[in-house]
Amino acid sequence: QVRLVQSGGGLVQAGGSLRLSCAASGMNFRLFTMGWYLQAPGKERELVASITGSGNTNYTDSVKGRFTIFRDNVRNTVSLNMNSLQPDDTGVYYCHTIYKGRRFWGQGTQVTVSS
């Protein structure tokens, strides 16, 4: 059974930085794309960044140049470095993958950016 366990997040002032991490188990991690989603208050969950097994990355426009997604295929982790955080980055962040046709989510991590 795939399991995604998140860590990191918290409260930070605008302009600050945070790191989110996600440890995966129950899957051949290096073969699968991993992503980070944000569910902002009152909004639907949206993809923020993704990384393929070989390391190709993709970002939503609002975070380009501020966020960096990276993975460690030995430790089976994927992380998101978030710099120059803004109040609009506030919400619950979820680690995500699709494995054998099923979506799997981490437990969610609250990030709050105060202005």
# chains A, B, ... in the order shown; residues from 1 in each chain; ligands from 1
call {"tool": "residues_around", "arguments": {"residues": "Tyr99 (chain A)", "least_positions_apart": "6", "cutoff": "9 Å", "atoms": "only C-alpha atoms", "output": "PyMOL selection string"}}
result
chain A and resi 2+27+32
call {"tool": "select_by_dssp", "arguments": {"residues": "chain A", "states": "helix (DSSP H, G or I)", "output": "number ranges by chain"}}
result
A: 29-31, 61-63, 87-89
call {"tool": "write_last_selection", "arguments": {"atoms": "N, CA, C and O atoms", "output": "compact mmCIF listing (two decimals), in the first residue's frame"}}
result
# COMPACT_ATOMS: atom_id res chain seq x y z
N PHE A 29 9.50 4.14 -6.06
CA PHE A 29 9.44 5.60 -6.05
C PHE A 29 10.06 6.25 -7.28
O PHE A 29 9.50 7.17 -7.86
N ARG A 30 11.22 5.76 -7.69
CA ARG A 30 11.99 6.46 -8.72
C ARG A 30 11.29 6.46 -10.07
O ARG A 30 11.67 7.21 -10.97
N LEU A 31 10.27 5.63 -10.24
CA LEU A 31 9.60 5.53 -11.53
C LEU A 31 8.43 6.48 -11.69
O LEU A 31 7.91 6.64 -12.80
N ASP A 61 2.47 29.00 -12.80
CA ASP A 61 3.11 30.30 -13.04
C ASP A 61 3.34 31.12 -11.78
O ASP A 61 4.35 31.81 -11.65
N SER A 62 2.42 31.02 -10.83
CA SER A 62 2.49 31.89 -9.65
C SER A 62 3.67 31.58 -8.74
O SER A 62 4.03 32.41 -7.89
N VAL A 63 4.29 30.42 -8.90
CA VAL A 63 5.39 30.06 -8.00
C VAL A 63 6.73 29.96 -8.72
O VAL A 63 7.77 29.74 -8.08
N PRO A 87 1.15 35.96 1.09
CA PRO A 87 -0.11 35.52 1.72
C PRO A 87 -0.95 34.61 0.83
O PRO A 87 -1.63 33.71 1.33
N ASP A 88 -0.89 34.79 -0.50
CA ASP A 88 -1.66 33.94 -1.41
C ASP A 88 -1.15 32.51 -1.45
O ASP A 88 -1.80 31.63 -2.01
N ASP A 89 0.01 32.25 -0.86
CA ASP A 89 0.54 30.88 -0.78
C ASP A 89 -0.05 30.12 0.40
O ASP A 89 0.25 28.94 0.58
call {"tool": "residues_around", "arguments": {"residues": "Pro41 (chain A)", "least_positions_apart": "6", "cutoff": "10 Å", "atoms": "only C-alpha atoms", "output": "VMD selection string"}}
result
chain A and resid 88 90 to 92
call {"tool": "residues_around", "arguments": {"residues": "Gln1 (chain A)", "least_positions_apart": "5", "cutoff": "12 Å", "atoms": "only C-alpha atoms", "output": "NGL selection string"}}
result
:A and (24-28 or 99-100 or 102-104)
call {"tool": "write_last_selection", "arguments": {"atoms": "C-alpha atoms", "output": "mmCIF file, in the first residue's frame"}}
result
data_model
loop_
_atom_site.group_PDB
_atom_site.id
_atom_site.type_symbol
_atom_site.label_atom_id
_atom_site.label_comp_id
_atom_site.auth_asym_id
_atom_site.auth_seq_id
_atom_site.Cartn_x
_atom_site.Cartn_y
_atom_site.Cartn_z
ATOM 1 C CA ALA A 24 6.937 7.714 0.194
ATOM 2 C CA SER A 25 6.694 3.986 0.786
ATOM 3 C CA GLY A 26 4.996 1.023 -0.851
ATOM 4 C CA MET A 27 5.958 1.979 -4.393
ATOM 5 C CA ASN A 28 8.924 1.937 -6.753
ATOM 6 C CA TYR A 99 0.288 4.719 -8.796
ATOM 7 C CA LYS A 100 -1.333 1.909 -10.775
ATOM 8 C CA ARG A 102 -4.966 5.425 -8.285
ATOM 9 C CA ARG A 103 -4.327 8.797 -6.712
ATOM 10 C CA PHE A 104 -2.539 8.862 -3.377
#
call {"tool": "residues_around", "arguments": {"residues": "region 105-114 of chain A", "least_positions_apart": "4", "cutoff": "10 Å", "atoms": "only C-alpha atoms", "output": "JSON, numbers by chain"}}
result
{"A": [2, 3, 4, 5, 6, 7, 8, 9, 10, 11, 12, 13, 14, 15, 16, 17, 18, 19, 20, 21, 22, 23, 24, 35, 36, 37, 38, 39, 40, 85, 86, 87, 88, 89, 90, 91, 92, 93, 94, 95, 96, 97, 98]}
call {"tool": "residues_around", "arguments": {"residues": "region 53-60 of chain A", "least_positions_apart": "2", "cutoff": "9 Å", "atoms": "only C-alpha atoms", "output": "ChimeraX atom specification"}}
result
/A:29-34,47-51,62-64,67-71,73
call {"tool": "write_last_selection", "arguments": {"atoms": "N, CA and C atoms", "output": "CSV table (one decimal), in the first residue's frame"}}
result
chain,number,residue,atom,x,y,z
A,29,PHE,N,9.5,4.1,-6.1
A,29,PHE,CA,9.4,5.6,-6.0
A,29,PHE,C,10.1,6.2,-7.3
A,30,ARG,N,11.2,5.8,-7.7
A,30,ARG,CA,12.0,6.5,-8.7
A,30,ARG,C,11.3,6.5,-10.1
A,31,LEU,N,10.3,5.6,-10.2
A,31,LEU,CA,9.6,5.5,-11.5
A,31,LEU,C,8.4,6.5,-11.7
A,32,PHE,N,8.0,7.1,-10.6
A,32,PHE,CA,6.7,7.8,-10.6
A,32,PHE,C,6.9,9.3,-10.4
A,33,THR,N,6.1,10.1,-11.1
A,33,THR,CA,6.0,11.5,-10.9
A,33,THR,C,5.4,11.8,-9.6
A,34,MET,N,5.9,12.8,-8.9
A,34,MET,CA,5.4,13.3,-7.6
A,34,MET,C,5.0,14.7,-7.8
A,47,LEU,N,-2.6,22.0,-8.6
A,47,LEU,CA,-1.1,21.6,-8.7
A,47,LEU,C,-0.2,22.8,-8.6
A,48,VAL,N,0.8,22.7,-7.8
A,48,VAL,CA,1.8,23.8,-7.6
A,48,VAL,C,3.1,23.4,-8.4
A,49,ALA,N,3.5,22.2,-8.2
A,49,ALA,CA,4.8,21.8,-8.8
A,49,ALA,C,4.8,20.2,-8.9
A,50,SER,N,5.5,19.7,-9.9
A,50,SER,CA,5.6,18.3,-10.1
A,50,SER,C,7.0,18.0,-10.6
A,51,ILE,N,7.4,16.7,-10.4
A,51,ILE,CA,8.7,16.3,-10.8
A,51,ILE,C,8.6,14.8,-11.2
A,62,SER,N,2.4,31.0,-10.8
A,62,SER,CA,2.5,31.9,-9.6
A,62,SER,C,3.7,31.6,-8.7
A,63,VAL,N,4.3,30.4,-8.9
A,63,VAL,CA,5.4,30.1,-8.0
A,63,VAL,C,6.7,30.0,-8.7
A,64,LYS,N,6.7,30.1,-10.0
A,64,LYS,CA,8.0,30.0,-10.8
A,64,LYS,C,9.0,31.1,-10.3
A,67,PHE,N,9.6,28.8,-5.9
A,67,PHE,CA,9.5,27.4,-5.3
A,67,PHE,C,10.4,26.5,-6.1
A,68,THR,N,11.0,25.5,-5.4
A,68,THR,CA,11.8,24.5,-6.1
A,68,THR,C,11.4,23.1,-5.6
A,69,ILE,N,11.0,22.2,-6.5
A,69,ILE,CA,10.7,20.9,-6.1
A,69,ILE,C,11.9,20.0,-6.5
A,70,PHE,N,12.2,19.1,-5.6
A,70,PHE,CA,13.3,18.2,-5.8
A,70,PHE,C,13.0,16.8,-5.1
A,71,ARG,N,13.7,15.8,-5.6
A,71,ARG,CA,13.5,14.5,-5.0
A,71,ARG,C,14.8,13.8,-4.8
A,73,ASN,N,15.8,9.9,-4.9
A,73,ASN,CA,15.3,8.6,-5.2
A,73,ASN,C,16.0,7.4,-4.4
call {"tool": "select_by_dssp", "arguments": {"residues": "chain A", "states": "strand (DSSP E)", "output": "mmCIF file with N, CA and C atoms, in the first residue's frame"}}
result
data_model
loop_
_atom_site.group_PDB
_atom_site.id
_atom_site.type_symbol
_atom_site.label_atom_id
_atom_site.label_comp_id
_atom_site.auth_asym_id
_atom_site.auth_seq_id
_atom_site.Cartn_x
_atom_site.Cartn_y
_atom_site.Cartn_z
ATOM 1 N N ARG A 3 2.049 4.849 0.768
ATOM 2 C CA ARG A 3 1.859 5.767 1.882
ATOM 3 C C ARG A 3 2.745 6.980 1.664
ATOM 4 N N LEU A 4 2.158 8.165 1.836
ATOM 5 C CA LEU A 4 2.890 9.429 1.703
ATOM 6 C C LEU A 4 2.767 10.164 3.029
ATOM 7 N N VAL A 5 3.907 10.420 3.661
ATOM 8 C CA VAL A 5 3.916 11.066 4.974
ATOM 9 C C VAL A 5 4.656 12.389 4.864
ATOM 10 N N GLN A 6 3.962 13.464 5.174
ATOM 11 C CA GLN A 6 4.496 14.805 5.007
ATOM 12 C C GLN A 6 5.073 15.348 6.298
ATOM 13 N N SER A 7 5.986 16.301 6.129
ATOM 14 C CA SER A 7 6.530 17.048 7.257
ATOM 15 C C SER A 7 6.863 18.449 6.782
ATOM 16 N N GLY A 8 7.052 19.340 7.754
ATOM 17 C CA GLY A 8 7.381 20.719 7.426
ATOM 18 C C GLY A 8 6.159 21.612 7.509
ATOM 19 N N GLY A 10 4.112 25.367 8.391
ATOM 20 C CA GLY A 10 3.993 26.194 9.573
ATOM 21 C C GLY A 10 3.602 27.614 9.238
ATOM 22 N N LEU A 11 3.954 28.521 10.136
ATOM 23 C CA LEU A 11 3.599 29.934 10.015
ATOM 24 C C LEU A 11 4.853 30.739 9.708
ATOM 25 N N VAL A 12 4.746 31.636 8.734
ATOM 26 C CA VAL A 12 5.893 32.457 8.349
ATOM 27 C C VAL A 12 5.393 33.824 7.890
ATOM 28 N N GLN A 13 6.223 34.833 8.045
ATOM 29 C CA GLN A 13 5.874 36.154 7.546
ATOM 30 C C GLN A 13 6.111 36.233 6.037
ATOM 31 N N LEU A 18 9.977 28.376 3.669
ATOM 32 C CA LEU A 18 9.644 27.123 4.329
ATOM 33 C C LEU A 18 10.010 25.968 3.408
ATOM 34 N N ARG A 19 10.165 24.807 4.011
ATOM 35 C CA ARG A 19 10.380 23.587 3.227
ATOM 36 C C ARG A 19 9.349 22.546 3.646
ATOM 37 N N LEU A 20 8.777 21.901 2.642
ATOM 38 C CA LEU A 20 7.896 20.760 2.858
ATOM 39 C C LEU A 20 8.602 19.504 2.363
ATOM 40 N N SER A 21 8.400 18.402 3.074
ATOM 41 C CA SER A 21 8.963 17.131 2.643
ATOM 42 C C SER A 21 7.893 16.050 2.690
ATOM 43 N N CYS A 22 8.101 15.032 1.860
ATOM 44 C CA CYS A 22 7.147 13.938 1.769
ATOM 45 C C CYS A 22 7.940 12.648 1.600
ATOM 46 N N ALA A 23 7.723 11.709 2.497
ATOM 47 C CA ALA A 23 8.386 10.410 2.425
ATOM 48 C C ALA A 23 7.407 9.382 1.894
ATOM 49 N N ALA A 24 7.812 8.686 0.837
ATOM 50 C CA ALA A 24 6.937 7.714 0.194
ATOM 51 C C ALA A 24 7.377 6.295 0.518
ATOM 52 N N SER A 25 6.414 5.402 0.600
ATOM 53 C CA SER A 25 6.694 3.986 0.786
ATOM 54 C C SER A 25 5.645 3.175 0.047
ATOM 55 N N MET A 34 5.942 12.800 -8.919
ATOM 56 C CA MET A 34 5.430 13.275 -7.627
ATOM 57 C C MET A 34 5.030 14.736 -7.772
ATOM 58 N N GLY A 35 4.039 15.138 -7.003
ATOM 59 C CA GLY A 35 3.588 16.517 -7.095
ATOM 60 C C GLY A 35 3.224 17.090 -5.747
ATOM 61 N N TRP A 36 3.172 18.404 -5.717
ATOM 62 C CA TRP A 36 2.671 19.136 -4.547
ATOM 63 C C TRP A 36 1.474 19.965 -4.994
ATOM 64 N N TYR A 37 0.374 19.827 -4.251
ATOM 65 C CA TYR A 37 -0.851 20.568 -4.505
ATOM 66 C C TYR A 37 -1.110 21.524 -3.355
ATOM 67 N N LEU A 38 -1.784 22.622 -3.662
ATOM 68 C CA LEU A 38 -2.210 23.588 -2.655
ATOM 69 C C LEU A 38 -3.728 23.689 -2.673
ATOM 70 N N GLN A 39 -4.313 23.566 -1.491
ATOM 71 C CA GLN A 39 -5.727 23.878 -1.342
ATOM 72 C C GLN A 39 -5.839 25.133 -0.496
ATOM 73 N N ARG A 45 -8.322 22.240 -4.794
ATOM 74 C CA ARG A 45 -6.930 21.830 -4.745
ATOM 75 C C ARG A 45 -6.310 21.993 -6.132
ATOM 76 N N GLU A 46 -5.134 22.633 -6.183
ATOM 77 C CA GLU A 46 -4.486 22.905 -7.464
ATOM 78 C C GLU A 46 -3.023 22.461 -7.412
ATOM 79 N N LEU A 47 -2.551 21.997 -8.558
ATOM 80 C CA LEU A 47 -1.149 21.574 -8.661
ATOM 81 C C LEU A 47 -0.234 22.789 -8.605
ATOM 82 N N VAL A 48 0.776 22.706 -7.754
ATOM 83 C CA VAL A 48 1.767 23.772 -7.608
ATOM 84 C C VAL A 48 3.050 23.419 -8.361
ATOM 85 N N ALA A 49 3.505 22.185 -8.168
ATOM 86 C CA ALA A 49 4.759 21.760 -8.788
ATOM 87 C C ALA A 49 4.753 20.245 -8.910
ATOM 88 N N SER A 50 5.471 19.746 -9.923
ATOM 89 C CA SER A 50 5.604 18.306 -10.081
ATOM 90 C C SER A 50 7.008 17.981 -10.577
ATOM 91 N N ILE A 51 7.397 16.734 -10.352
ATOM 92 C CA ILE A 51 8.723 16.292 -10.789
ATOM 93 C C ILE A 51 8.614 14.843 -11.233
ATOM 94 N N THR A 57 10.958 18.977 -14.078
ATOM 95 C CA THR A 57 10.061 19.704 -13.184
ATOM 96 C C THR A 57 9.073 20.569 -13.956
ATOM 97 N N ASN A 58 7.971 20.862 -13.272
ATOM 98 C CA ASN A 58 6.941 21.738 -13.825
ATOM 99 C C ASN A 58 6.348 22.538 -12.682
ATOM 100 N N TYR A 59 6.094 23.833 -12.939
ATOM 101 C CA TYR A 59 5.571 24.715 -11.897
ATOM 102 C C TYR A 59 4.389 25.513 -12.426
ATOM 103 N N PHE A 67 9.576 28.793 -5.864
ATOM 104 C CA PHE A 67 9.508 27.437 -5.322
ATOM 105 C C PHE A 67 10.412 26.512 -6.129
ATOM 106 N N THR A 68 10.979 25.527 -5.441
ATOM 107 C CA THR A 68 11.781 24.505 -6.101
ATOM 108 C C THR A 68 11.366 23.136 -5.588
ATOM 109 N N ILE A 69 11.018 22.248 -6.507
ATOM 110 C CA ILE A 69 10.697 20.877 -6.139
ATOM 111 C C ILE A 69 11.896 20.005 -6.464
ATOM 112 N N PHE A 70 12.222 19.077 -5.561
ATOM 113 C CA PHE A 70 13.324 18.161 -5.813
ATOM 114 C C PHE A 70 13.036 16.842 -5.123
ATOM 115 N N ARG A 71 13.733 15.822 -5.573
ATOM 116 C CA ARG A 71 13.479 14.489 -5.038
ATOM 117 C C ARG A 71 14.780 13.759 -4.765
ATOM 118 N N ASP A 72 14.702 12.791 -3.876
ATOM 119 C CA ASP A 72 15.829 11.920 -3.559
ATOM 120 C C ASP A 72 15.338 10.501 -3.793
ATOM 121 N N THR A 77 12.109 10.428 -1.098
ATOM 122 C CA THR A 77 11.474 11.646 -0.606
ATOM 123 C C THR A 77 11.346 12.665 -1.746
ATOM 124 N N VAL A 78 10.346 13.510 -1.614
ATOM 125 C CA VAL A 78 10.183 14.654 -2.494
ATOM 126 C C VAL A 78 9.965 15.868 -1.606
ATOM 127 N N SER A 79 10.601 16.969 -1.958
ATOM 128 C CA SER A 79 10.539 18.163 -1.117
ATOM 129 C C SER A 79 10.187 19.382 -1.954
ATOM 130 N N LEU A 80 9.703 20.392 -1.271
ATOM 131 C CA LEU A 80 9.358 21.644 -1.921
ATOM 132 C C LEU A 80 9.964 22.771 -1.102
ATOM 133 N N ASN A 81 10.952 23.448 -1.672
ATOM 134 C CA ASN A 81 11.495 24.647 -1.063
ATOM 135 C C ASN A 81 10.668 25.832 -1.513
ATOM 136 N N MET A 82 10.185 26.601 -0.552
ATOM 137 C CA MET A 82 9.322 27.734 -0.860
ATOM 138 C C MET A 82 9.982 29.005 -0.337
ATOM 139 N N GLY A 91 -2.400 27.980 2.754
ATOM 140 C CA GLY A 91 -3.343 26.884 2.546
ATOM 141 C C GLY A 91 -2.748 25.576 3.008
ATOM 142 N N VAL A 92 -3.428 24.513 2.660
ATOM 143 C CA VAL A 92 -2.947 23.173 2.985
ATOM 144 C C VAL A 92 -2.268 22.587 1.744
ATOM 145 N N TYR A 93 -1.049 22.133 1.945
ATOM 146 C CA TYR A 93 -0.265 21.542 0.858
ATOM 147 C C TYR A 93 -0.310 20.020 0.984
ATOM 148 N N TYR A 94 -0.480 19.378 -0.171
ATOM 149 C CA TYR A 94 -0.578 17.924 -0.217
ATOM 150 C C TYR A 94 0.455 17.348 -1.175
ATOM 151 N N CYS A 95 1.123 16.333 -0.724
ATOM 152 C CA CYS A 95 1.987 15.519 -1.573
ATOM 153 C C CYS A 95 1.088 14.559 -2.357
ATOM 154 N N HIS A 96 1.452 14.238 -3.594
ATOM 155 C CA HIS A 96 0.553 13.463 -4.458
ATOM 156 C C HIS A 96 1.330 12.595 -5.423
ATOM 157 N N THR A 97 0.774 11.443 -5.716
ATOM 158 C CA THR A 97 1.254 10.637 -6.819
ATOM 159 C C THR A 97 0.099 9.806 -7.376
ATOM 160 N N ILE A 98 0.296 9.304 -8.566
ATOM 161 C CA ILE A 98 -0.641 8.364 -9.172
ATOM 162 C C ILE A 98 0.116 7.058 -9.378
ATOM 163 N N TYR A 99 -0.393 6.012 -8.771
ATOM 164 C CA TYR A 99 0.288 4.719 -8.796
ATOM 165 C C TYR A 99 -0.716 3.651 -9.184
ATOM 166 N N ARG A 102 -4.302 4.853 -9.466
ATOM 167 C CA ARG A 102 -4.966 5.425 -8.285
ATOM 168 C C ARG A 102 -4.192 6.635 -7.788
ATOM 169 N N ARG A 103 -4.941 7.632 -7.339
ATOM 170 C CA ARG A 103 -4.327 8.797 -6.712
ATOM 171 C C ARG A 103 -4.051 8.506 -5.235
ATOM 172 N N PHE A 104 -2.885 8.947 -4.799
ATOM 173 C CA PHE A 104 -2.539 8.862 -3.377
ATOM 174 C C PHE A 104 -2.123 10.250 -2.913
ATOM 175 N N TRP A 105 -2.551 10.570 -1.685
ATOM 176 C CA TRP A 105 -2.289 11.883 -1.107
ATOM 177 C C TRP A 105 -1.602 11.743 0.247
ATOM 178 N N THR A 109 -0.424 19.498 4.933
ATOM 179 C CA THR A 109 0.384 20.321 5.842
ATOM 180 C C THR A 109 -0.055 21.770 5.695
ATOM 181 N N GLN A 110 -0.362 22.392 6.796
ATOM 182 C CA GLN A 110 -0.803 23.783 6.768
ATOM 183 C C GLN A 110 0.398 24.715 6.617
ATOM 184 N N VAL A 111 0.279 25.638 5.668
ATOM 185 C CA VAL A 111 1.240 26.731 5.506
ATOM 186 C C VAL A 111 0.449 28.030 5.616
ATOM 187 N N THR A 112 0.872 28.881 6.527
ATOM 188 C CA THR A 112 0.211 30.170 6.713
ATOM 189 C C THR A 112 1.245 31.271 6.570
ATOM 190 N N VAL A 113 0.980 32.190 5.638
ATOM 191 C CA VAL A 113 1.883 33.313 5.388
ATOM 192 C C VAL A 113 1.169 34.584 5.824
ATOM 193 N N SER A 114 1.737 35.240 6.818
ATOM 194 C CA SER A 114 1.131 36.466 7.329
ATOM 195 C C SER A 114 1.711 37.676 6.613
#
